[in-house]
Each structure stands twice: as structure tokens, then as C-alpha cells.
Amino acid sequence: MRVSVSWLREYVDLPADLPTGDLAQALVDLGIEVESVVDLAETVTGQLVVGEVREIEELTGFKKPIRFCRVDVGAANGTGEPQEIVCGARNFAPGDRVVVILPGGVLPGGFAIGARKTYGHNSAGMICSAKELGLGDDHSGIIVLGSDVTAKPGDDARPVVGLDDVVLDLEITPDRGYALSLRGLARELSHAFDVPLRDPALAPAPGGTETPAYPVEVRDTVGCDRFTARLVRGVDPTAPTPSWMQQRLVTAGIRSISLPVDITNYVMLELGQPMHAFDADRIAGPLVVRRADAGEKLTTLDGVNRVLTADDMVICDDTGPISLAAVMGGETSEVVAGTTTVLFEAAHWDPAMVGRTARRHKLFSEAAKRWERGVDPAVALVALERAVRLLTEHGGGTPSAEILDIDHVRPRTPISLPADLPTRRVGVEYPPARVVALLERVGCTVAQGADRLSEDPGAVGVASGVGTVLSVTPPTWRPDLTDPADLVEEVVRLDGYDRVPSVLPTAPPGRGLTPRQRRRRAVAGSLAERGYVEVLAHPFVSPELADQLGLPADDPRRPAVRLANPLSEEEPLLRTTLLGPLLGILKRNLGRGHRDLALYEIGAVFHPRLGAGSPPAMGVDRRPTDEEFAAADAVVPAQPVHVAVVLSGDLDPAGWWGAGRPAGWADAIEAARDVLAAAGIPDERVEVRAAEYAPWHPGRCAELRVDGSVVGHAGELHPVVVAALELPRRTSAMELNLDTLPPTPVTPAPTVSGFPPALIDVALVVDESVPAEQVRRALEAGAGELLEDVRLFDVYSGAQLGAGRRSLAYKLTFRAPDRTLTVEEAVAARDAAVAVAAERLGATLRGA
């Protein structure tokens, strides 16, 4: 939020000689982040003066309209003669007063102004727009001063356009919505400097009348618990917005549109109450405030035709929706150039509803920003009165005597606060009287509870506040104060964060990484060493993902947790598998020109506990009990940690050294084996079996088992899934559940033999349905203790082997720890291995 200090001074008596650095530090101490402090007087150097356009000569023969102007700048140019300036803007005429920077001046951004010949004429200086002066983003035309400006040609233009001010750019946290207004910021600064506050919300305002200003029906008093309105008839449609109001709006980053609309924006900045101005003559029949019907359409002020949902709130007339409530008005009832009857509306809307609507339609207006953070429901009539007075003062017209006020606002619920709670929570002594004073400064109403407060510090239970309970009713403009902890924070904030000591806890000795942390780092390091690149995906997915992955109807990965307030309505679910978001990242990188990709992610997936009910309500005033924790954990979704990889393109790139090798299903399985090895699972406890499991190809999918339990799957993705996600053919993937892996066993140091190995190759013919892994295990079982290693190095199938048969060739390594093996010993071990394979799997020696 951008705000000028001169505007703030209208509501709070800041010291006249207050340095800008002290002002910024005071806001920071109050918890309001200051992005920047800009002294506008220093942004433009040189002569910036008021000029009056005397003559305009239209230049032709160029690609764009060009005007040669003679501008009276008084004696500022040293001659008193009109200044010759070439300008391309079209929004001014002879007799208008404009802002001129003379040669030698420098505009924001280091843009130096000189005298030069352009378009066949001499041009000395520039007629400035708001954007060129750094006052806003409007570059459609130059600044034309209003009739209310009394400055003469040659006068300094800085005070006229607001360049004699200091502007604060503030970052307001979501819980401090009241600070998105001059009223809220002035209140904060009055606390910081202990100076009086002139609250504009305390201005007198007439209440609602028995006869409404306009017929309105509110059907949803939860989504809209207050609706006020008032008419102004006979408004001059040509009345301009006063220059001082335009300056303040531009400084705040809001474009000036028309007098009625500018007034609603001005009141919003001043009081924090968003408003809307309707052209009453363009409204057909009475207004109805209701939830939208699914599929209804509304063209908003930005020209977009929007399809509404049943969760949206709308304001309707006889023609249907004319405004997307609290977010943006509609085109059919907007104030136009000929509007003479204005209906001002100031309402109070449900923050959650506004936030969801704004995100659903991607309409993050200034009004919606304030509504979702909380707006004071008690200021609606004051804002209405302020808007009506400004319009009648500057645009004429007659306000109606009738005022509509439909009020269903519930009173704030008092909060019970032990007076010693701030002291106990923070470790700083806050006497009860100090706690009461600080809360009352915030605007709370504080009533005494269990014990009476006393100014006598020696009174029993008073110095520490033990036994004293305060009943605190927060003000209407602080919807964020709902719990005792919120009140404690306010006490600490206003008393000063600098009083809170910074004490770091002492770390207990002897504690390092947990086994789970060590395993996760080992897995990540192993994959990175093998060329995989780690990515971090958002855990949000669309409801269509399960169908795109081809998950069966009864698949446990189909039920998903739906977020109550998702970042995007297109992805409202939490992922149940890492593959969806990970494949989305793969597709995004492919679309940016990358072809050979090997990506991995380690993260949590979320499985809902169906039928678990709702978690117990737990406050922040105490630590939950073990039973409450257990009840909450029973509802929280299961969140196992998975690891997944995806592969596409060449695993080994081609080059002068030879052809490349494309990544395939076997590489995904090897990645799974690498993960299990890095996790400390011995290879003999790992089993790889053929499987059918979505989203993998049925004939190229393997399940990985540890001690007989399935821990994950790997292989090539199903062609249908690849087509649905628009991925390259042969894309492969792997996903393992790290939380299902058993603890890492203690690995004994290996025995290293110094004797030479005996290497024997053996080729076995088996049915095609027999997995190579089972053959390997049979060979290991039969070879005995002399077998050091067994490795598959060739797979062959042909007509000479017979239909449905294939040959698997293994390299067997035999070694004894205490001697050199004889040929007879090695051959006997080989024969024993083949015998077990033949017995278990029907294998025969090839060529035998």
C-alpha cells in the first residue's frame, strides 16, 4: 500500500520535524513492513514548472500524431517568451495549464531533459505525464491541471502535483486488514508517537430510515450481514475530480476514472470501507443480494464475461446479476459519462466468501484485498455519508433523505484473558494495569473479571496479575482478535518488541540427524550422483489427474483431500502420488526445449482417513492434552514420504563417441534398486517381480518388494497415460514409499579375500514367463558360500530355442576366503547352482 505522509497528518499529529527514517522505524516496530520511503521532491531535479499552452500546431507527414506547442512558462526560462516544445499527447488544448520540465532537469530513472531539434522543430523541454513524473502508471496523456489549481505559469509545479510529499510503500500482512486504510495507519502511528488521533470514522452520520433509499432484498445474511445505500440525484456528469483527490489516488496507485468512482476509491483508502457506485437510471427494478445460480453469467467492469458458481455472491436487478459482490461491478450498471443519478452502496461481506471468489475468477481488486482481510462493519454509514458529501460538494446533486441500512451484524464475543498471561507467555513483566491500558489503546473494551484491579503494586495478586481475569471485547475494526493469544500479541507489540529478550535455547548435546533424515539425504545424494535433477513440485492436483493416470475406480489413490481454500480452483486436491506433479514438471521442461530429462522428487503424499470425522476444537490458550492430540492425529491425513523419478529422452547422449542410449523401463527399475541400496536395504532382501499397476505399462512394470512386502513400482508408463499427459513415447517412472522400508540393518564389514576368483559363464533356457530375478536367486541358493557375485549379461530368444523360450546368460564369480579354488571346486559349485535352477524353474543348460 502506498500512502503520502501529508495525508496521514490530517488524522494524526505527527511531529513536524519527524525524520522519515524515524517514521519508517516506528512502523516496523509496530509490525508493519516498510518497503520503501520516497521523498518525491528528490525524484525530479531541475526546473519543474506550471505552463499554460498558448498555441498548438498539428504536424503532419509522420507515423504518429505530433504537435508543436508554444507554452507560457513565465519567467522560468529567463526570457519570458513562450517555450517551444514538441509533444505527442492529444488530451490538451490551448488555454490548458500543464506541467513542464525545462532543459537541464532530470526525471525519475535518470532521464535527462535537453533542447534538441526533432520532427523539424526545436523542442526545449517536455510536457509531462504522471508516469514520467513517477506519480503513477498512466501514460495515455499528459497532466492537465484543473480549474481549482491557482498556480500561475512559471510557478514551481512540485506542490501542485504532489511532488513535495513523502510516500510510504508498506507491505500489510494478511491479519492486519485495518492497516489498509489511512484510518488504520494513523491509529498505529498515534500509538507509536503517543499523539492524538482524529478518527474519521467518528464523523457524524445519519442512520437508516424507515423508507429505504432503494428497494433491496438480502437473501443471504451470512455472506452479506450489512447493506447500506443512498441516492444522489442531479449530479453534474461533467464535473471533474478535484486535483487534490486525483493526486492522492495516483500516489496510492489508483487510476482516476470519474468523480463518483474516484470518490468510492478515496473513501476506501481513507476509511478502509470498499464501496460501489451504481448508475441508478440503468438499474431495472429492485436489487437482490444472493448467491449466484451455477452457470449464470456477468460481464464485469474489465470487459470479461464470467461464468458464476453457486459460491459467488451477486447483486441482481430484474435483468440478472449486475455486480460480483465485493469484488467488481458489472458493465450494465456502471457509472458512465452521462450519469446523473448515483446510488452509493457500502456493505459488509463475508471475508472467506470474497477470498474464494477473487481466486476463482482471478480478480484481485483493491476491494477484494480488503474484504478478505476484514473490514469494519460499523463504518458503513460513515463511509456512505462521506461519499455523498464529497459528491454533492464537487459534482452537485441532491442527496436523498432516505437511507437504506440492513443490519444483521452480530456483536463481538468477549474474550477471557488472564491478566498474567502476557507475562507468562513472553517472559517480560506486564502489570495488569499496563495490560488494560494497552488493550484499551488498541480499541478494546476491558471489563474486570475475577479480581479487582488496583494501581497499588503491593496488592496481592496485582503485580503479577495472578488470579485476575479480564473480559476483553475487541473493536469492530479488529476481526483478527479472536483468542487470548491475539491479545497477548497486541500487548507485546504496543509495549515494544525490543523489550522482549532474545534468548536462544541450548541444544542438547549428542543429537544429530535422525535415522529418517539420514536415509532421506542418502537417497537424495544417490540419485543426484547418478545424474537425476531434484525438483520441488506443488502438492496440489486437479480432480482429472486420477483419470489421466488411469487409476481404477477402487484404487486407494483415488480418494483425495480437498482443500477448503485452495490457491487455484483448478487444483483443489492434495496429491496421493508424486507422479502427477512430477510428470507436469517433465512436460513443462519438454515444452521449453529440453529433451533428455531425468528428474526426481522426495516428498509427502496425502491419503485421507475416510470416515474419521472432524478434529476436536483446540484453542491456543493452553497446550492440548495427549487425548486431544491423538484425536486430531486420527483425523489428519496420512502423509507418507515417497521418492519418485521420471525419465525421458536419452540417458546416455550421442556424440562423436558413438550412438546414445534412450532411457527405458529397465533404467527406472535400476533407479529403484539404487534408492533401496542407498536406504541401507541389502540386495538379498530386495525382490523385483512383474506386475500390473497403473499408470505403468502392464508388460513393462515391476513391483519392488522388501522382505516380501511391496514398497513401490517402476517401469514404462502406459501409452494411454503418455498420450493423455502429452508426453514422449517410452517415458518411464518409478515411485517408492520410503516410510514402508524397514530400519537400516547393521552392516558388518565385508571380508576381503586376497585369492584370485574363478569366473564361469552359464546360459540357462527357461520359459519367457520366468523372471530373470528368480533365476538369479535360484543360482545364488544352489552355488553356496563360494559364490561371490552373479550378474545377468545377455538375454536371447530365437527359433532354435523353441516358442515361448529364452536364454539368460549369467556371469558367476566364485572365490574362497582362505585358498585358491580348484577347477573341480568351481565346476561343482556351478553345477549345484544349475541343479537348483532346474529343480525350481525347469531351467536347462543351453546347448546341453
# chains A, B, ... in the order shown; residues from 1 in each chain; ligands from 1

$ select_by_dssp --residues "segment 482-700 of chain A" --states "alpha helix (DSSP H)" --output "PyMOL selection string"
chain A and resi 484-495+515-529+545-548+579-591+626-633+665-678

$ residues_around --residues "Val342 of chain A" --least-positions-apart "4" --cutoff "8 Å" --atoms "only C-alpha atoms" --output "ChimeraX atom specification"
/A:231-233,235,260,277-280,335

$ write_last_selection --atoms "N, CA, C and O atoms" --output "PDB file, in the first residue's frame"
ATOM      1  N   LEU A 231     -29.021   7.467  -2.386  1.00  0.00           N
ATOM      2  CA  LEU A 231     -29.082   8.046  -3.722  1.00  0.00           C
ATOM      3  C   LEU A 231     -28.643   9.510  -3.715  1.00  0.00           C
ATOM      4  O   LEU A 231     -28.879  10.238  -2.742  1.00  0.00           O
ATOM      5  N   VAL A 232     -28.019   9.923  -4.825  1.00  0.00           N
ATOM      6  CA  VAL A 232     -27.744  11.338  -5.085  1.00  0.00           C
ATOM      7  C   VAL A 232     -28.254  11.625  -6.488  1.00  0.00           C
ATOM      8  O   VAL A 232     -27.782  11.027  -7.470  1.00  0.00           O
ATOM      9  N   ARG A 233     -29.221  12.565  -6.601  1.00  0.00           N
ATOM     10  CA  ARG A 233     -29.835  12.879  -7.891  1.00  0.00           C
ATOM     11  C   ARG A 233     -29.332  14.233  -8.392  1.00  0.00           C
ATOM     12  O   ARG A 233     -28.961  15.111  -7.609  1.00  0.00           O
ATOM     13  N   VAL A 235     -26.663  14.896 -10.371  1.00  0.00           N
ATOM     14  CA  VAL A 235     -25.212  15.076 -10.379  1.00  0.00           C
ATOM     15  C   VAL A 235     -24.774  15.614 -11.731  1.00  0.00           C
ATOM     16  O   VAL A 235     -25.289  15.213 -12.783  1.00  0.00           O
ATOM     17  N   PRO A 260     -17.643  10.130  -9.376  1.00  0.00           N
ATOM     18  CA  PRO A 260     -18.268   9.185  -8.436  1.00  0.00           C
ATOM     19  C   PRO A 260     -17.390   7.977  -8.120  1.00  0.00           C
ATOM     20  O   PRO A 260     -17.295   7.547  -6.961  1.00  0.00           O
ATOM     21  N   ALA A 277     -20.380   2.445  -6.780  1.00  0.00           N
ATOM     22  CA  ALA A 277     -21.301   3.458  -7.285  1.00  0.00           C
ATOM     23  C   ALA A 277     -22.044   2.892  -8.492  1.00  0.00           C
ATOM     24  O   ALA A 277     -21.421   2.486  -9.481  1.00  0.00           O
ATOM     25  N   PHE A 278     -23.379   2.847  -8.395  1.00  0.00           N
ATOM     26  CA  PHE A 278     -24.220   2.396  -9.490  1.00  0.00           C
ATOM     27  C   PHE A 278     -24.835   3.607 -10.193  1.00  0.00           C
ATOM     28  O   PHE A 278     -25.097   4.645  -9.562  1.00  0.00           O
ATOM     29  N   ASP A 279     -25.078   3.481 -11.491  1.00  0.00           N
ATOM     30  CA  ASP A 279     -25.926   4.425 -12.209  1.00  0.00           C
ATOM     31  C   ASP A 279     -27.362   3.961 -11.981  1.00  0.00           C
ATOM     32  O   ASP A 279     -27.811   2.965 -12.565  1.00  0.00           O
ATOM     33  N   ALA A 280     -28.083   4.659 -11.099  1.00  0.00           N
ATOM     34  CA  ALA A 280     -29.410   4.201 -10.698  1.00  0.00           C
ATOM     35  C   ALA A 280     -30.376   4.151 -11.871  1.00  0.00           C
ATOM     36  O   ALA A 280     -31.326   3.354 -11.868  1.00  0.00           O
ATOM     37  N   VAL A 335     -21.180   3.496 -13.644  1.00  0.00           N
ATOM     38  CA  VAL A 335     -21.291   4.932 -13.860  1.00  0.00           C
ATOM     39  C   VAL A 335     -20.616   5.282 -15.186  1.00  0.00           C
ATOM     40  O   VAL A 335     -19.458   4.912 -15.426  1.00  0.00           O
TER      41      VAL A 335
END

$ residues_around --residues "segment 162-169 of chain A" --least-positions-apart "6" --cutoff "10 Å" --atoms "only C-alpha atoms" --output "VMD selection string"
chain A and resid 1 to 7 20 23 to 24 33 to 44 48 133 to 135 243 to 244 246 to 248 250 to 252

$ closest_atom_pairs --of "segment 213-242 of chain A" --to "segment 371-378 of chain A" --cutoff "10 Å" --atoms "only C-alpha atoms" --output "CSV"
residue,atom,partner,partner_atom,distance
A:Asp225,CA,A:Pro377,CA,8.6
A:Arg226,CA,A:Pro377,CA,7.2
A:Phe227,CA,A:Pro377,CA,9.7

$ atom_distance --atom1 "atom CA of Val641 of chain A" --atom2 "atom CA of Ala702 of chain A"
20.3 Å

$ closest_atom_pairs --of "segment 553-646 of chain A" --to "segment 671-681 of chain A" --cutoff "9 Å" --atoms "only C-alpha atoms" --output "tab-separated table"
residue	atom	partner	partner_atom	distance
A:Val643	CA	A:Val675	CA	8.5
A:Ala644	CA	A:Ala672	CA	8.7
A:Val645	CA	A:Ala671	CA	7.7

$ closest_residue --among "A:Val267, A:Val307, A:Ala828, A:Leu586" --to "Arg183 of chain A" --atoms "only C-alpha atoms"
A:Val267

$ closest_residue --among "A:Glu627, A:Glu296, A:Gly154, A:Gly593" --to "Thr79 of chain A" --atoms "only C-alpha atoms"
A:Gly154

$ residues_around --residues "Ile585 of chain A" --least-positions-apart "5" --cutoff "9 Å" --atoms "only C-alpha atoms" --output "number ranges by chain"
A: 535, 537, 580, 590, 599

$ atom_distance --atom1 "atom CA of Arg519 of chain A" --atom2 "atom CA of Gly712 of chain A"
16.6 Å

$ residues_around --residues "Ser753 of chain A" --least-positions-apart "4" --cutoff "12 Å" --atoms "only C-alpha atoms" --output "list in words"
Pro757, Leu786, Glu788, Phe814, Arg815, Ala816, Pro817, Asp818, Arg819, Thr820 and Leu821 of chain A

$ write_last_selection --atoms "C-alpha atoms" --output "compact mmCIF listing (two decimals), in the first residue's frame"
# COMPACT_ATOMS: atom_id res chain seq x y z
CA PRO A 757 38.40 -65.51 -8.42
CA LEU A 786 31.73 -69.81 -2.60
CA GLU A 788 30.73 -64.02 -4.60
CA PHE A 814 33.49 -67.84 -7.21
CA ARG A 815 36.12 -67.08 -4.59
CA ALA A 816 37.27 -68.71 -1.35
CA PRO A 817 38.47 -66.59 1.57
CA ASP A 818 41.37 -68.88 2.51
CA ARG A 819 42.64 -70.54 -0.67
CA THR A 820 42.73 -70.57 -4.42
CA LEU A 821 39.82 -72.59 -5.78

$ closest_residue --among "A:Thr300, A:Ser648, A:Thr339, A:Ser807" --to "Ile322 of chain A" --atoms "only C-alpha atoms"
A:Thr300

$ residues_around --residues "Gly613 of chain A" --least-positions-apart "5" --cutoff "12 Å" --atoms "only C-alpha atoms" --output "short mmCIF file (atom, residue, chain, number, x, y, z; two decimals) with N, CA and C atoms, in the first residue's frame"
data_model
loop_
_atom_site.label_atom_id
_atom_site.label_comp_id
_atom_site.auth_asym_id
_atom_site.auth_seq_id
_atom_site.Cartn_x
_atom_site.Cartn_y
_atom_site.Cartn_z
N PRO A 608 -6.47 -39.42 2.65
CA PRO A 608 -7.49 -39.08 3.65
C PRO A 608 -7.88 -40.29 4.49
N ALA A 631 -6.74 -37.56 19.13
CA ALA A 631 -7.98 -37.42 18.37
C ALA A 631 -7.75 -36.61 17.10
N ALA A 632 -6.89 -35.58 17.19
CA ALA A 632 -6.58 -34.79 15.99
C ALA A 632 -5.77 -35.59 14.99
N ASP A 633 -4.79 -36.37 15.50
CA ASP A 633 -3.97 -37.19 14.60
C ASP A 633 -4.80 -38.24 13.89
N ALA A 634 -5.87 -38.69 14.53
CA ALA A 634 -6.71 -39.71 13.90
C ALA A 634 -7.47 -39.16 12.70
N VAL A 635 -7.58 -37.84 12.61
CA VAL A 635 -8.31 -37.20 11.52
C VAL A 635 -7.36 -36.68 10.44
N VAL A 636 -6.16 -36.28 10.86
CA VAL A 636 -5.19 -35.72 9.91
C VAL A 636 -4.84 -36.77 8.86
N PRO A 637 -4.78 -36.40 7.58
CA PRO A 637 -4.46 -37.38 6.53
C PRO A 637 -3.10 -38.05 6.77
#

$ select_by_dssp --residues "segment 72-164 of chain A" --states "strand (DSSP E)" --output "JSON, numbers by chain"
{"A": [72, 83, 84, 85, 86, 87, 97, 98, 99, 100, 101, 106, 107, 111, 112, 115, 116, 117, 118, 121, 122, 123, 124, 126, 127]}
